[in-house]
Amino acid sequence: MLQNVIKILRLGPTPYTKALKLQEHLVNKAKTKIANGEPGDNVLILLQHHPVYTTGIRTKEYTLEEENYLKSLGADFVRTNRGGLITFHGPGQLVAYPILDLNQFIPQANRRKAALGVRWYVNALEEVIIKACKEFGLKGSRSPHTGVWIGENKVCAMGVHNSQLVTSHGLALNCCVDLDWFTKIVPCGIVGKGVTSLTKELHRHVEIEEAEPFLLQHFAKEFSSRMIDSSVTELNLPAELCLDD
């Protein structure tokens with residue numbers, strides 16, 4: 001049985017707005033290929049962000065005053081079209097943006113209903129992180145809220161976007177991120193819940209380089225895919241989309 005190929009694009013610390021433009025570029029390339037009767041290229045972007053607060057499609061819930069306050073802390077503030085409410089991204093957080101042609105992955109039974117296909121996709125992402133946490137001896141779990149939790153605290157936030165079954169946005173696994181950034185907001189709009197990290201749970205420092213192999217291992221298994229390293233050159237991407245400012 002042939003496996004789908006997912007190309008891994010590792011970037012250094014990347015401004016959030018630049019990552020958005022890169023995702024848009026890859027999504028448009030995939031949709032063009034699909035429109036021409038070809039499968040879209042599948043790319044998994046791995047990176048860290050400079051400190052930034054981002055909101056999802058319910059962005060109007062956040063006032064200009066709140067935006068300016070968060071910016072005064074030294075973080076950027078970006079309103080996006082992903083699912084979910086406000087969250088934080090920053091150094092020490094392993095961010096993964098899968099740009100996938102879901103037509104290649106979703107179970108046949110779900111192909112007729114895009115909404116079901118995307119629900120399957122979110123469940124698959126959660127399963128990747130649950131299994132990655134298990135590699136550290138941690139019990140990750142789902143809740144009525146999207147993402148992966150350890151007890152009452154979220155260790156991995158998720159917010160995805162789907163356009164004609166081509167995905168963007170993704171997940172952010174807290175490895176050694178400074179959790180104080182999250183105390184300035186109600187993360188993901190969920191009152192009464194906390195945020196944690198692999199470092200906090202294990203009582204030792206966990207760099208993203210330690211977590212990344214587990215994420216890739218279980219991503220490949222969950223999506224029945226072969227993961228191959230790629231680069232800006234191999235993907236024929238405009239260099240200005242991938243270089244740090």
# chains A, B, ... in the order shown; residues from 1 in each chain; ligands from 1
$ residues_around --residues "range 87-103 of chain A" --least-positions-apart "2" --cutoff "8 Å" --atoms "only C-alpha atoms" --output "PDB file with N, CA and C atoms, in the first residue's frame"
ATOM      1  N   PRO A  13      13.013  30.666  14.634  1.00  0.00           N
ATOM      2  CA  PRO A  13      12.021  31.579  15.218  1.00  0.00           C
ATOM      3  C   PRO A  13      11.423  32.454  14.127  1.00  0.00           C
ATOM      4  N   GLN A  23       1.711  29.972   5.188  1.00  0.00           N
ATOM      5  CA  GLN A  23       0.610  29.010   5.140  1.00  0.00           C
ATOM      6  C   GLN A  23      -0.343  29.316   3.982  1.00  0.00           C
ATOM      7  N   LEU A  26       1.180  28.129   0.711  1.00  0.00           N
ATOM      8  CA  LEU A  26       1.143  26.676   0.542  1.00  0.00           C
ATOM      9  C   LEU A  26      -0.280  26.170   0.312  1.00  0.00           C
ATOM     10  N   VAL A  27      -1.251  26.763   1.007  1.00  0.00           N
ATOM     11  CA  VAL A  27      -2.646  26.376   0.806  1.00  0.00           C
ATOM     12  C   VAL A  27      -3.076  26.681  -0.630  1.00  0.00           C
ATOM     13  N   ALA A  30      -1.604  24.162  -3.011  1.00  0.00           N
ATOM     14  CA  ALA A  30      -2.290  22.864  -2.918  1.00  0.00           C
ATOM     15  C   ALA A  30      -3.642  22.915  -3.620  1.00  0.00           C
ATOM     16  N   PRO A  39      -3.130  15.646  -6.746  1.00  0.00           N
ATOM     17  CA  PRO A  39      -3.162  15.746  -5.273  1.00  0.00           C
ATOM     18  C   PRO A  39      -2.350  16.937  -4.802  1.00  0.00           C
ATOM     19  N   GLY A  40      -2.833  17.605  -3.765  1.00  0.00           N
ATOM     20  CA  GLY A  40      -2.088  18.724  -3.204  1.00  0.00           C
ATOM     21  C   GLY A  40      -0.877  18.248  -2.425  1.00  0.00           C
ATOM     22  N   ASP A  41       0.181  19.064  -2.414  1.00  0.00           N
ATOM     23  CA  ASP A  41       1.364  18.724  -1.622  1.00  0.00           C
ATOM     24  C   ASP A  41       1.038  18.842  -0.133  1.00  0.00           C
ATOM     25  N   ASN A  42       1.575  17.927   0.653  1.00  0.00           N
ATOM     26  CA  ASN A  42       1.372  17.925   2.100  1.00  0.00           C
ATOM     27  C   ASN A  42       2.657  18.386   2.778  1.00  0.00           C
ATOM     28  N   VAL A  43       2.554  19.432   3.583  1.00  0.00           N
ATOM     29  CA  VAL A  43       3.724  20.012   4.237  1.00  0.00           C
ATOM     30  C   VAL A  43       3.428  20.195   5.719  1.00  0.00           C
ATOM     31  N   LEU A  44       4.368  19.807   6.559  1.00  0.00           N
ATOM     32  CA  LEU A  44       4.260  20.042   8.003  1.00  0.00           C
ATOM     33  C   LEU A  44       5.319  21.064   8.379  1.00  0.00           C
ATOM     34  N   ILE A  45       4.859  22.274   8.730  1.00  0.00           N
ATOM     35  CA  ILE A  45       5.776  23.342   9.140  1.00  0.00           C
ATOM     36  C   ILE A  45       6.020  23.239  10.642  1.00  0.00           C
ATOM     37  N   LEU A  46       7.273  23.223  11.047  1.00  0.00           N
ATOM     38  CA  LEU A  46       7.645  23.212  12.462  1.00  0.00           C
ATOM     39  C   LEU A  46       8.441  24.468  12.770  1.00  0.00           C
ATOM     40  N   LEU A  47       8.055  25.169  13.834  1.00  0.00           N
ATOM     41  CA  LEU A  47       8.734  26.418  14.162  1.00  0.00           C
ATOM     42  C   LEU A  47       8.442  26.835  15.594  1.00  0.00           C
ATOM     43  N   GLN A  48       9.079  27.935  16.000  1.00  0.00           N
ATOM     44  CA  GLN A  48       8.725  28.653  17.222  1.00  0.00           C
ATOM     45  C   GLN A  48       8.365  30.077  16.808  1.00  0.00           C
ATOM     46  N   HIS A  49       7.547  30.716  17.614  1.00  0.00           N
ATOM     47  CA  HIS A  49       7.177  32.091  17.326  1.00  0.00           C
ATOM     48  C   HIS A  49       7.823  33.050  18.326  1.00  0.00           C
ATOM     49  N   HIS A  50       8.014  34.279  17.883  1.00  0.00           N
ATOM     50  CA  HIS A  50       8.266  35.359  18.823  1.00  0.00           C
ATOM     51  C   HIS A  50       6.978  35.545  19.637  1.00  0.00           C
ATOM     52  N   PRO A  51       7.059  36.124  20.846  1.00  0.00           N
ATOM     53  CA  PRO A  51       5.851  36.269  21.666  1.00  0.00           C
ATOM     54  C   PRO A  51       4.713  36.941  20.907  1.00  0.00           C
ATOM     55  N   VAL A  52       3.558  36.281  20.903  1.00  0.00           N
ATOM     56  CA  VAL A  52       2.403  36.810  20.177  1.00  0.00           C
ATOM     57  C   VAL A  52       1.119  36.246  20.768  1.00  0.00           C
ATOM     58  N   TYR A  53       0.129  37.104  20.918  1.00  0.00           N
ATOM     59  CA  TYR A  53      -1.225  36.662  21.267  1.00  0.00           C
ATOM     60  C   TYR A  53      -2.028  36.621  19.972  1.00  0.00           C
ATOM     61  N   THR A  54      -2.765  35.541  19.773  1.00  0.00           N
ATOM     62  CA  THR A  54      -3.580  35.417  18.561  1.00  0.00           C
ATOM     63  C   THR A  54      -5.017  35.081  18.945  1.00  0.00           C
ATOM     64  N   THR A  55      -5.935  35.608  18.144  1.00  0.00           N
ATOM     65  CA  THR A  55      -7.345  35.292  18.337  1.00  0.00           C
ATOM     66  C   THR A  55      -7.857  34.527  17.127  1.00  0.00           C
ATOM     67  N   LEU A  85     -10.437  30.611  20.463  1.00  0.00           N
ATOM     68  CA  LEU A  85     -10.372  31.985  20.955  1.00  0.00           C
ATOM     69  C   LEU A  85      -8.915  32.390  21.161  1.00  0.00           C
ATOM     70  N   PHE A 105      -6.417  11.800   3.166  1.00  0.00           N
ATOM     71  CA  PHE A 105      -6.284  11.226   4.497  1.00  0.00           C
ATOM     72  C   PHE A 105      -7.594  10.810   5.158  1.00  0.00           C
ATOM     73  N   ILE A 106      -8.662  11.581   4.970  1.00  0.00           N
ATOM     74  CA  ILE A 106      -9.866  11.311   5.746  1.00  0.00           C
ATOM     75  C   ILE A 106     -10.467   9.972   5.354  1.00  0.00           C
ATOM     76  N   ARG A 111     -15.822  11.332   3.582  1.00  0.00           N
ATOM     77  CA  ARG A 111     -15.479  12.167   2.437  1.00  0.00           C
ATOM     78  C   ARG A 111     -16.647  13.016   1.962  1.00  0.00           C
ATOM     79  N   GLY A 117     -15.107  15.291   8.190  1.00  0.00           N
ATOM     80  CA  GLY A 117     -13.700  15.088   7.876  1.00  0.00           C
ATOM     81  C   GLY A 117     -12.805  15.941   8.744  1.00  0.00           C
ATOM     82  N   ALA A 157      -2.461  23.513  22.745  1.00  0.00           N
ATOM     83  CA  ALA A 157      -3.607  24.211  22.160  1.00  0.00           C
ATOM     84  C   ALA A 157      -3.720  23.861  20.683  1.00  0.00           C
ATOM     85  N   LEU A 165     -11.083  21.477   2.111  1.00  0.00           N
ATOM     86  CA  LEU A 165     -10.381  20.322   2.661  1.00  0.00           C
ATOM     87  C   LEU A 165      -8.858  20.430   2.544  1.00  0.00           C
ATOM     88  N   VAL A 166      -8.348  21.653   2.479  1.00  0.00           N
ATOM     89  CA  VAL A 166      -6.915  21.897   2.649  1.00  0.00           C
ATOM     90  C   VAL A 166      -6.749  22.613   3.981  1.00  0.00           C
ATOM     91  N   THR A 167      -5.939  22.064   4.852  1.00  0.00           N
ATOM     92  CA  THR A 167      -5.831  22.567   6.218  1.00  0.00           C
ATOM     93  C   THR A 167      -4.739  23.622   6.366  1.00  0.00           C
ATOM     94  N   SER A 168      -4.896  24.436   7.400  1.00  0.00           N
ATOM     95  CA  SER A 168      -3.841  25.358   7.835  1.00  0.00           C
ATOM     96  C   SER A 168      -4.009  25.589   9.332  1.00  0.00           C
ATOM     97  N   HIS A 169      -3.133  26.422   9.887  1.00  0.00           N
ATOM     98  CA  HIS A 169      -3.019  26.572  11.341  1.00  0.00           C
ATOM     99  C   HIS A 169      -2.719  25.193  11.936  1.00  0.00           C
ATOM    100  N   GLY A 170      -2.929  24.968  13.215  1.00  0.00           N
ATOM    101  CA  GLY A 170      -2.543  23.661  13.744  1.00  0.00           C
ATOM    102  C   GLY A 170      -2.487  23.600  15.248  1.00  0.00           C
ATOM    103  N   LEU A 171      -1.294  23.277  15.792  1.00  0.00           N
ATOM    104  CA  LEU A 171      -1.181  23.008  17.225  1.00  0.00           C
ATOM    105  C   LEU A 171       0.082  23.643  17.795  1.00  0.00           C
ATOM    106  N   ALA A 172       0.058  23.807  19.113  1.00  0.00           N
ATOM    107  CA  ALA A 172       1.203  24.379  19.829  1.00  0.00           C
ATOM    108  C   ALA A 172       1.399  23.600  21.125  1.00  0.00           C
ATOM    109  N   LEU A 173       2.481  22.838  21.181  1.00  0.00           N
ATOM    110  CA  LEU A 173       2.797  22.016  22.351  1.00  0.00           C
ATOM    111  C   LEU A 173       3.741  22.783  23.269  1.00  0.00           C
ATOM    112  N   ASN A 174       3.306  22.981  24.513  1.00  0.00           N
ATOM    113  CA  ASN A 174       4.117  23.716  25.488  1.00  0.00           C
ATOM    114  C   ASN A 174       5.232  22.824  26.012  1.00  0.00           C
ATOM    115  N   CYS A 175       6.463  23.155  25.645  1.00  0.00           N
ATOM    116  CA  CYS A 175       7.617  22.388  26.107  1.00  0.00           C
ATOM    117  C   CYS A 175       8.278  23.093  27.286  1.00  0.00           C
ATOM    118  N   CYS A 176       8.885  24.255  27.009  1.00  0.00           N
ATOM    119  CA  CYS A 176       9.516  25.018  28.088  1.00  0.00           C
ATOM    120  C   CYS A 176       9.143  26.490  27.990  1.00  0.00           C
ATOM    121  N   VAL A 177       7.969  26.763  27.448  1.00  0.00           N
ATOM    122  CA  VAL A 177       7.492  28.128  27.295  1.00  0.00           C
ATOM    123  C   VAL A 177       7.263  28.778  28.662  1.00  0.00           C
ATOM    124  N   ASP A 178       7.468  30.082  28.745  1.00  0.00           N
ATOM    125  CA  ASP A 178       7.219  30.838  29.978  1.00  0.00           C
ATOM    126  C   ASP A 178       5.701  30.931  30.177  1.00  0.00           C
ATOM    127  N   TRP A 181       3.071  34.222  30.491  1.00  0.00           N
ATOM    128  CA  TRP A 181       2.369  34.903  29.406  1.00  0.00           C
ATOM    129  C   TRP A 181       0.876  34.569  29.399  1.00  0.00           C
ATOM    130  N   PHE A 182       0.542  33.353  29.805  1.00  0.00           N
ATOM    131  CA  PHE A 182      -0.852  32.914  29.768  1.00  0.00           C
ATOM    132  C   PHE A 182      -1.694  33.517  30.889  1.00  0.00           C
ATOM    133  N   ILE A 185      -4.303  36.431  30.060  1.00  0.00           N
ATOM    134  CA  ILE A 185      -5.493  36.176  29.247  1.00  0.00           C
ATOM    135  C   ILE A 185      -6.286  35.028  29.861  1.00  0.00           C
ATOM    136  N   VAL A 186      -7.453  34.762  29.297  1.00  0.00           N
ATOM    137  CA  VAL A 186      -8.181  33.526  29.586  1.00  0.00           C
ATOM    138  C   VAL A 186      -7.897  32.607  28.405  1.00  0.00           C
ATOM    139  N   PRO A 187      -6.894  31.723  28.540  1.00  0.00           N
ATOM    140  CA  PRO A 187      -6.448  30.943  27.384  1.00  0.00           C
ATOM    141  C   PRO A 187      -7.592  30.185  26.713  1.00  0.00           C
ATOM    142  N   CYS A 188      -7.714  30.381  25.402  1.00  0.00           N
ATOM    143  CA  CYS A 188      -8.740  29.735  24.584  1.00  0.00           C
ATOM    144  C   CYS A 188     -10.144  30.060  25.065  1.00  0.00           C
ATOM    145  N   GLU A 207      13.355  20.806  26.223  1.00  0.00           N
ATOM    146  CA  GLU A 207      13.459  21.640  25.029  1.00  0.00           C
ATOM    147  C   GLU A 207      12.572  21.077  23.919  1.00  0.00           C
ATOM    148  N   ILE A 208      12.225  21.917  22.951  1.00  0.00           N
ATOM    149  CA  ILE A 208      11.383  21.433  21.859  1.00  0.00           C
ATOM    150  C   ILE A 208      12.099  20.357  21.038  1.00  0.00           C
ATOM    151  N   ALA A 211      11.046  16.990  22.233  1.00  0.00           N
ATOM    152  CA  ALA A 211       9.662  16.597  21.947  1.00  0.00           C
ATOM    153  C   ALA A 211       9.405  16.363  20.457  1.00  0.00           C
ATOM    154  N   GLU A 212      10.144  17.067  19.608  1.00  0.00           N
ATOM    155  CA  GLU A 212       9.866  17.010  18.169  1.00  0.00           C
ATOM    156  C   GLU A 212       9.885  15.599  17.588  1.00  0.00           C
TER     157      GLU A 212
END
$ residues_around --residues "Thr17 in chain A" --least-positions-apart "4" --cutoff "10 Å" --atoms "only C-alpha atoms" --output "ChimeraX atom specification"
/A:21-23,49,52,76-80,241
$ write_last_selection --atoms "N, CA, C and O atoms" --output "short mmCIF file (atom, residue, chain, number, x, y, z; two decimals), in the first residue's frame"
data_model
loop_
_atom_site.label_atom_id
_atom_site.label_comp_id
_atom_site.auth_asym_id
_atom_site.auth_seq_id
_atom_site.Cartn_x
_atom_site.Cartn_y
_atom_site.Cartn_z
N LYS A 21 1.48 34.16 6.16
CA LYS A 21 1.65 34.32 4.72
C LYS A 21 2.19 33.05 4.08
O LYS A 21 1.80 32.67 2.97
N LEU A 22 3.10 32.38 4.78
CA LEU A 22 3.64 31.12 4.27
C LEU A 22 2.55 30.06 4.15
O LEU A 22 2.45 29.35 3.15
N GLN A 23 1.71 29.97 5.19
CA GLN A 23 0.61 29.01 5.14
C GLN A 23 -0.34 29.32 3.98
O GLN A 23 -0.76 28.41 3.25
N HIS A 49 7.55 30.72 17.61
CA HIS A 49 7.18 32.09 17.33
C HIS A 49 7.82 33.05 18.33
O HIS A 49 8.11 32.68 19.47
N VAL A 52 3.56 36.28 20.90
CA VAL A 52 2.40 36.81 20.18
C VAL A 52 1.12 36.25 20.77
O VAL A 52 1.04 35.06 21.10
N ASP A 76 3.32 40.62 20.19
CA ASP A 76 2.47 41.04 19.08
C ASP A 76 1.04 40.60 19.35
O ASP A 76 0.77 39.79 20.26
N PHE A 77 0.11 41.11 18.56
CA PHE A 77 -1.30 40.73 18.67
C PHE A 77 -1.83 40.57 17.25
O PHE A 77 -1.75 41.51 16.45
N VAL A 78 -2.36 39.37 16.93
CA VAL A 78 -2.80 39.10 15.56
C VAL A 78 -4.18 38.44 15.59
O VAL A 78 -4.40 37.48 16.34
N ARG A 79 -5.08 38.96 14.78
CA ARG A 79 -6.41 38.37 14.62
C ARG A 79 -6.39 37.46 13.39
O ARG A 79 -5.94 37.88 12.32
N THR A 80 -6.89 36.22 13.54
CA THR A 80 -6.76 35.23 12.48
C THR A 80 -8.12 34.60 12.14
O THR A 80 -9.14 34.88 12.79
N LEU A 241 9.38 34.64 2.48
CA LEU A 241 8.32 34.11 3.35
C LEU A 241 8.88 33.31 4.50
O LEU A 241 8.16 33.03 5.46
#
$ select_by_dssp --residues "range 111-188 of chain A" --states "alpha helix (DSSP H)" --output "MDAnalysis selection string"
chainID A and resid 114:135
$ residues_around --residues "range 140-145 of chain A" --least-positions-apart "6" --cutoff "12 Å" --atoms "only C-alpha atoms" --output "ChimeraX atom specification"
/A:83-85,122-134,151-159,173,187-191,193,196-198,201
$ write_last_selection --atoms "N, CA and C atoms" --output "short mmCIF file (atom, residue, chain, number, x, y, z; two decimals), in the first residue's frame"
data_model
loop_
_atom_site.label_atom_id
_atom_site.label_comp_id
_atom_site.auth_asym_id
_atom_site.auth_seq_id
_atom_site.Cartn_x
_atom_site.Cartn_y
_atom_site.Cartn_z
N GLY A 83 -9.94 28.41 14.07
CA GLY A 83 -10.91 28.15 15.12
C GLY A 83 -10.33 28.49 16.48
N GLY A 84 -11.20 28.60 17.48
CA GLY A 84 -10.73 28.85 18.84
C GLY A 84 -10.69 30.33 19.18
N LEU A 85 -10.44 30.61 20.46
CA LEU A 85 -10.37 31.98 20.96
C LEU A 85 -8.91 32.39 21.16
N VAL A 122 -9.15 16.88 13.60
CA VAL A 122 -8.82 17.41 14.92
C VAL A 122 -8.59 16.26 15.90
N ASN A 123 -9.43 15.24 15.86
CA ASN A 123 -9.23 14.07 16.72
C ASN A 123 -7.88 13.43 16.47
N ALA A 124 -7.48 13.36 15.19
CA ALA A 124 -6.19 12.76 14.85
C ALA A 124 -5.04 13.59 15.41
N LEU A 125 -5.13 14.91 15.32
CA LEU A 125 -4.09 15.77 15.89
C LEU A 125 -3.99 15.58 17.40
N GLU A 126 -5.15 15.50 18.04
CA GLU A 126 -5.16 15.29 19.50
C GLU A 126 -4.50 13.95 19.84
N GLU A 127 -4.77 12.93 19.04
CA GLU A 127 -4.19 11.61 19.30
C GLU A 127 -2.67 11.65 19.15
N VAL A 128 -2.17 12.40 18.19
CA VAL A 128 -0.72 12.55 18.02
C VAL A 128 -0.09 13.07 19.31
N ILE A 129 -0.68 14.11 19.88
CA ILE A 129 -0.11 14.72 21.08
C ILE A 129 -0.30 13.84 22.31
N ILE A 130 -1.44 13.17 22.42
CA ILE A 130 -1.66 12.25 23.54
C ILE A 130 -0.57 11.17 23.55
N LYS A 131 -0.25 10.64 22.36
CA LYS A 131 0.76 9.59 22.28
C LYS A 131 2.16 10.16 22.50
N ALA A 132 2.40 11.40 22.05
CA ALA A 132 3.69 12.03 22.31
C ALA A 132 3.89 12.25 23.81
N CYS A 133 2.83 12.67 24.50
CA CYS A 133 2.91 12.85 25.96
C CYS A 133 3.21 11.53 26.66
N LYS A 134 2.64 10.47 26.15
CA LYS A 134 2.86 9.13 26.74
C LYS A 134 4.33 8.75 26.69
N GLY A 151 -4.64 16.53 33.29
CA GLY A 151 -5.53 16.94 34.38
C GLY A 151 -6.42 18.07 33.92
N GLU A 152 -6.44 19.16 34.69
CA GLU A 152 -7.27 20.32 34.36
C GLU A 152 -6.50 21.41 33.60
N ASN A 153 -5.30 21.06 33.15
CA ASN A 153 -4.44 22.06 32.51
C ASN A 153 -4.11 21.67 31.07
N LYS A 154 -4.21 22.64 30.19
CA LYS A 154 -3.95 22.37 28.77
C LYS A 154 -2.45 22.41 28.49
N VAL A 155 -1.95 21.36 27.85
CA VAL A 155 -0.54 21.30 27.48
C VAL A 155 -0.34 21.58 26.00
N CYS A 156 -1.42 21.43 25.22
CA CYS A 156 -1.32 21.66 23.78
C CYS A 156 -2.60 22.30 23.26
N ALA A 157 -2.46 23.51 22.74
CA ALA A 157 -3.61 24.21 22.16
C ALA A 157 -3.72 23.86 20.68
N MET A 158 -4.96 23.85 20.19
CA MET A 158 -5.20 23.57 18.78
C MET A 158 -6.23 24.53 18.22
N GLY A 159 -6.00 24.95 17.00
CA GLY A 159 -6.95 25.77 16.27
C GLY A 159 -6.68 25.58 14.79
N LEU A 173 2.48 22.84 21.18
CA LEU A 173 2.80 22.02 22.35
C LEU A 173 3.74 22.78 23.27
N PRO A 187 -6.89 31.72 28.54
CA PRO A 187 -6.45 30.94 27.38
C PRO A 187 -7.59 30.19 26.71
N CYS A 188 -7.71 30.38 25.40
CA CYS A 188 -8.74 29.73 24.58
C CYS A 188 -10.14 30.06 25.06
N GLY A 189 -10.28 31.09 25.90
CA GLY A 189 -11.59 31.51 26.38
C GLY A 189 -12.22 30.55 27.37
N ILE A 190 -11.43 29.66 27.97
CA ILE A 190 -11.96 28.65 28.88
C ILE A 190 -11.72 29.08 30.32
N VAL A 191 -12.79 29.47 30.98
CA VAL A 191 -12.69 29.97 32.36
C VAL A 191 -12.50 28.80 33.33
N LYS A 193 -9.84 26.94 33.91
CA LYS A 193 -8.85 25.92 33.54
C LYS A 193 -7.48 26.56 33.48
N THR A 196 -0.33 24.24 31.23
CA THR A 196 0.87 23.60 31.75
C THR A 196 1.85 23.36 30.62
N SER A 197 2.98 22.77 30.95
CA SER A 197 4.01 22.46 29.95
C SER A 197 4.66 21.14 30.31
N LEU A 198 5.39 20.58 29.37
CA LEU A 198 6.14 19.35 29.65
C LEU A 198 7.16 19.61 30.75
N GLU A 201 5.34 19.69 34.17
CA GLU A 201 4.83 18.39 34.58
C GLU A 201 5.94 17.42 34.97
#
$ residues_around --residues "Pro238 in chain A" --least-positions-apart "2" --cutoff "12 Å" --atoms "only C-alpha atoms" --output "PyMOL selection string"
chain A and resi 18+21-22+25-26+231-236+240-243
$ closest_residue --among "A:Phe214, A:Arg119, A:Val195, A:Tyr16" --to "Trp149 in chain A" --atoms "only C-alpha atoms"
A:Val195
$ select_by_dssp --residues "range 97-156 of chain A" --states "strand (DSSP E)" --output "VMD selection string"
chain A and resid 97 to 99 148 to 150 153 to 156
